[in-house]
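Below is one structure, written out as structure tokens, with a few remarks after it.
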Amino acid sequence: MRLAAQQDAEANAEKRVASAKLKMLPEVEKILRSQMLYDSILDNNMLTSVRHWLEPLPDRSLPALNIQRVLFDALSRLPIKTDHLRESGVGKIVLFYKKSKKPEESIRLIADRLVSEWSRPIIKKSANHRTKQV
């Protein structure tokens with residue numbers, strides 16, 4: 001995954017078509033959809049590669065929409081903990097997608113939900129409204 005991201009960044013910088021990630025996307029999607037591999041994905045820091053795939057290219061364009069959809073869908077399903085976010089830096093790129101005007105609205109909404117979900121343990125806020133103090 002890292003190699004594909006690097007190849008796309010180089011191709012984009014040279015004003016060529018960046019298609020390495022698109023070619024690899026079906027294989028990556030298959031791996032990210034497998035629940036049996038969730039622990040391996042998180043333990044082997046594959047989230048760093050996900051971050052590289054979601055980062056804007058050198059010309060500041062975002063990755064293809066289908067790449068964004070597949071990866072944000074995977075981020076929604078993975079049992080990501082605070083340690084995983086710190087190690088990978090994926091939280092920063094998701095926050096970028098939440099705040100930026102460039103991504104499609106559906107991607108921004110998923111990013112907003114993920115940021116809210118991931119920040120709850122950090123600020124010690126419950127998702128249960130019954131336990132909410134007034």
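Following the order of the structure tokens, chains are lettered A, B, ..., residues in each are numbered from 1, and ligands are numbered from 1.
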Checklist entry - Leaving out Pro58 (chain A) and any residue of its chain fewer than 2 positions from it, which residues lie within 7 Å of it when counting only C-alpha atoms, given as a PyMOL selection string? => result chain A and resi 9+12-13+56+60
Item to check | Backbone DSSP call of alpha helix (DSSP H) for chain A, listed as a count of residues only | outcome: 90
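Considering the residues A:Leu62, A:Leu71, A:Leu54, A:Asp83 and counting only C-alpha atoms, Pro26 (chain A) has its shortest atom-to-atom contact with A:Leu71.
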Checklist outcome for this item: Taken to one decimal, the CA of Ser116 (chain A)-CA of Leu25 (chain A) distance is 27.1 Å
For Ile31 (chain A), please output as a short mmCIF file (atom, residue, chain, number, x, y, z; two decimals) with N, CA and C atoms, in the first residue's frame all residues within 12 Å (counting only C-alpha atoms; exclusion window: fewer than 4 positions along the same chain).
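part_39.cif, freshly written:
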data_model
loop_
_atom_site.label_atom_id
_atom_site.label_comp_id
_atom_site.auth_asym_id
_atom_site.auth_seq_id
_atom_site.Cartn_x
_atom_site.Cartn_y
_atom_site.Cartn_z
N MET A 1 0.82 -1.20 0.00
CA MET A 1 0.00 0.00 0.00
C MET A 1 0.87 1.26 0.00
N MET A 24 -4.73 -1.26 -7.13
CA MET A 24 -4.60 -2.09 -5.94
C MET A 24 -5.86 -2.08 -5.07
N LEU A 25 -6.79 -1.18 -5.34
CA LEU A 25 -7.97 -0.98 -4.50
C LEU A 25 -8.81 -2.24 -4.27
N PRO A 26 -9.13 -3.06 -5.28
CA PRO A 26 -9.94 -4.26 -5.01
C PRO A 26 -9.29 -5.21 -4.00
N GLU A 27 -7.99 -5.37 -4.09
CA GLU A 27 -7.27 -6.24 -3.15
C GLU A 27 -7.29 -5.65 -1.73
N GLN A 35 -13.32 -9.47 8.62
CA GLN A 35 -13.34 -9.26 10.06
C GLN A 35 -12.27 -10.07 10.78
N MET A 36 -11.91 -11.21 10.22
CA MET A 36 -10.89 -12.05 10.85
C MET A 36 -9.52 -11.36 10.84
N LEU A 37 -9.33 -10.41 9.96
CA LEU A 37 -8.04 -9.73 9.85
C LEU A 37 -7.97 -8.40 10.59
N TYR A 38 -9.05 -7.99 11.25
CA TYR A 38 -9.09 -6.69 11.92
C TYR A 38 -7.92 -6.51 12.88
N ASP A 39 -7.68 -7.50 13.74
CA ASP A 39 -6.59 -7.38 14.72
C ASP A 39 -5.23 -7.27 14.02
N SER A 40 -5.03 -8.06 12.98
CA SER A 40 -3.77 -8.00 12.23
C SER A 40 -3.59 -6.64 11.56
N ILE A 41 -4.67 -6.12 11.01
CA ILE A 41 -4.62 -4.82 10.35
C ILE A 41 -4.18 -3.74 11.34
N MET A 46 -1.39 -0.99 9.71
CA MET A 46 -1.85 -0.77 8.34
C MET A 46 -2.60 0.56 8.22
N VAL A 70 -14.13 3.52 0.02
CA VAL A 70 -13.68 2.22 0.53
C VAL A 70 -12.95 2.39 1.86
N LEU A 71 -12.04 3.35 1.93
CA LEU A 71 -11.24 3.51 3.13
C LEU A 71 -12.04 4.08 4.30
N ALA A 74 -14.09 1.29 5.68
CA ALA A 74 -13.25 0.41 6.50
C ALA A 74 -12.96 1.04 7.85
N LEU A 78 -13.65 -0.79 11.56
CA LEU A 78 -12.53 -1.27 12.36
C LEU A 78 -12.66 -0.83 13.82
#
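Residues lying within 7 Å of Ala4 (chain A), counting only C-alpha atoms and ignoring same-chain neighbours fewer than 3 positions away, are Met1, Gln7, Asp8, Ala20 and Lys21 of chain A.
In this comparison, which uses only C-alpha atoms, the residue of A:Leu95, A:Val115, A:Leu42, A:Ala64 approaching Lys23 (chain A) most closely is A:Ala64.
Shortest separation to Gln68 (chain A) among A:Ser100, A:Thr48, A:Ser106, A:Ser34 occurs at residue A:Ser106, atoms counted being only C-alpha atoms.
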Checklist entry - Expressed in Å to a single decimal, how great is the separation between CA of Val28 (chain A) and CA of Ile93 (chain A)? => result 18.8 Å
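Excluding region 49-52 of chain A and any residue on its chain fewer than 6 positions from it, the residues at most 9 Å away by only C-alpha atoms are Met1, Arg2, Ala5, Gln6, Leu71, Leu75, Ser88, Gly89, Val90, Gly91, Lys92, Ile93 and Val94 of chain A.
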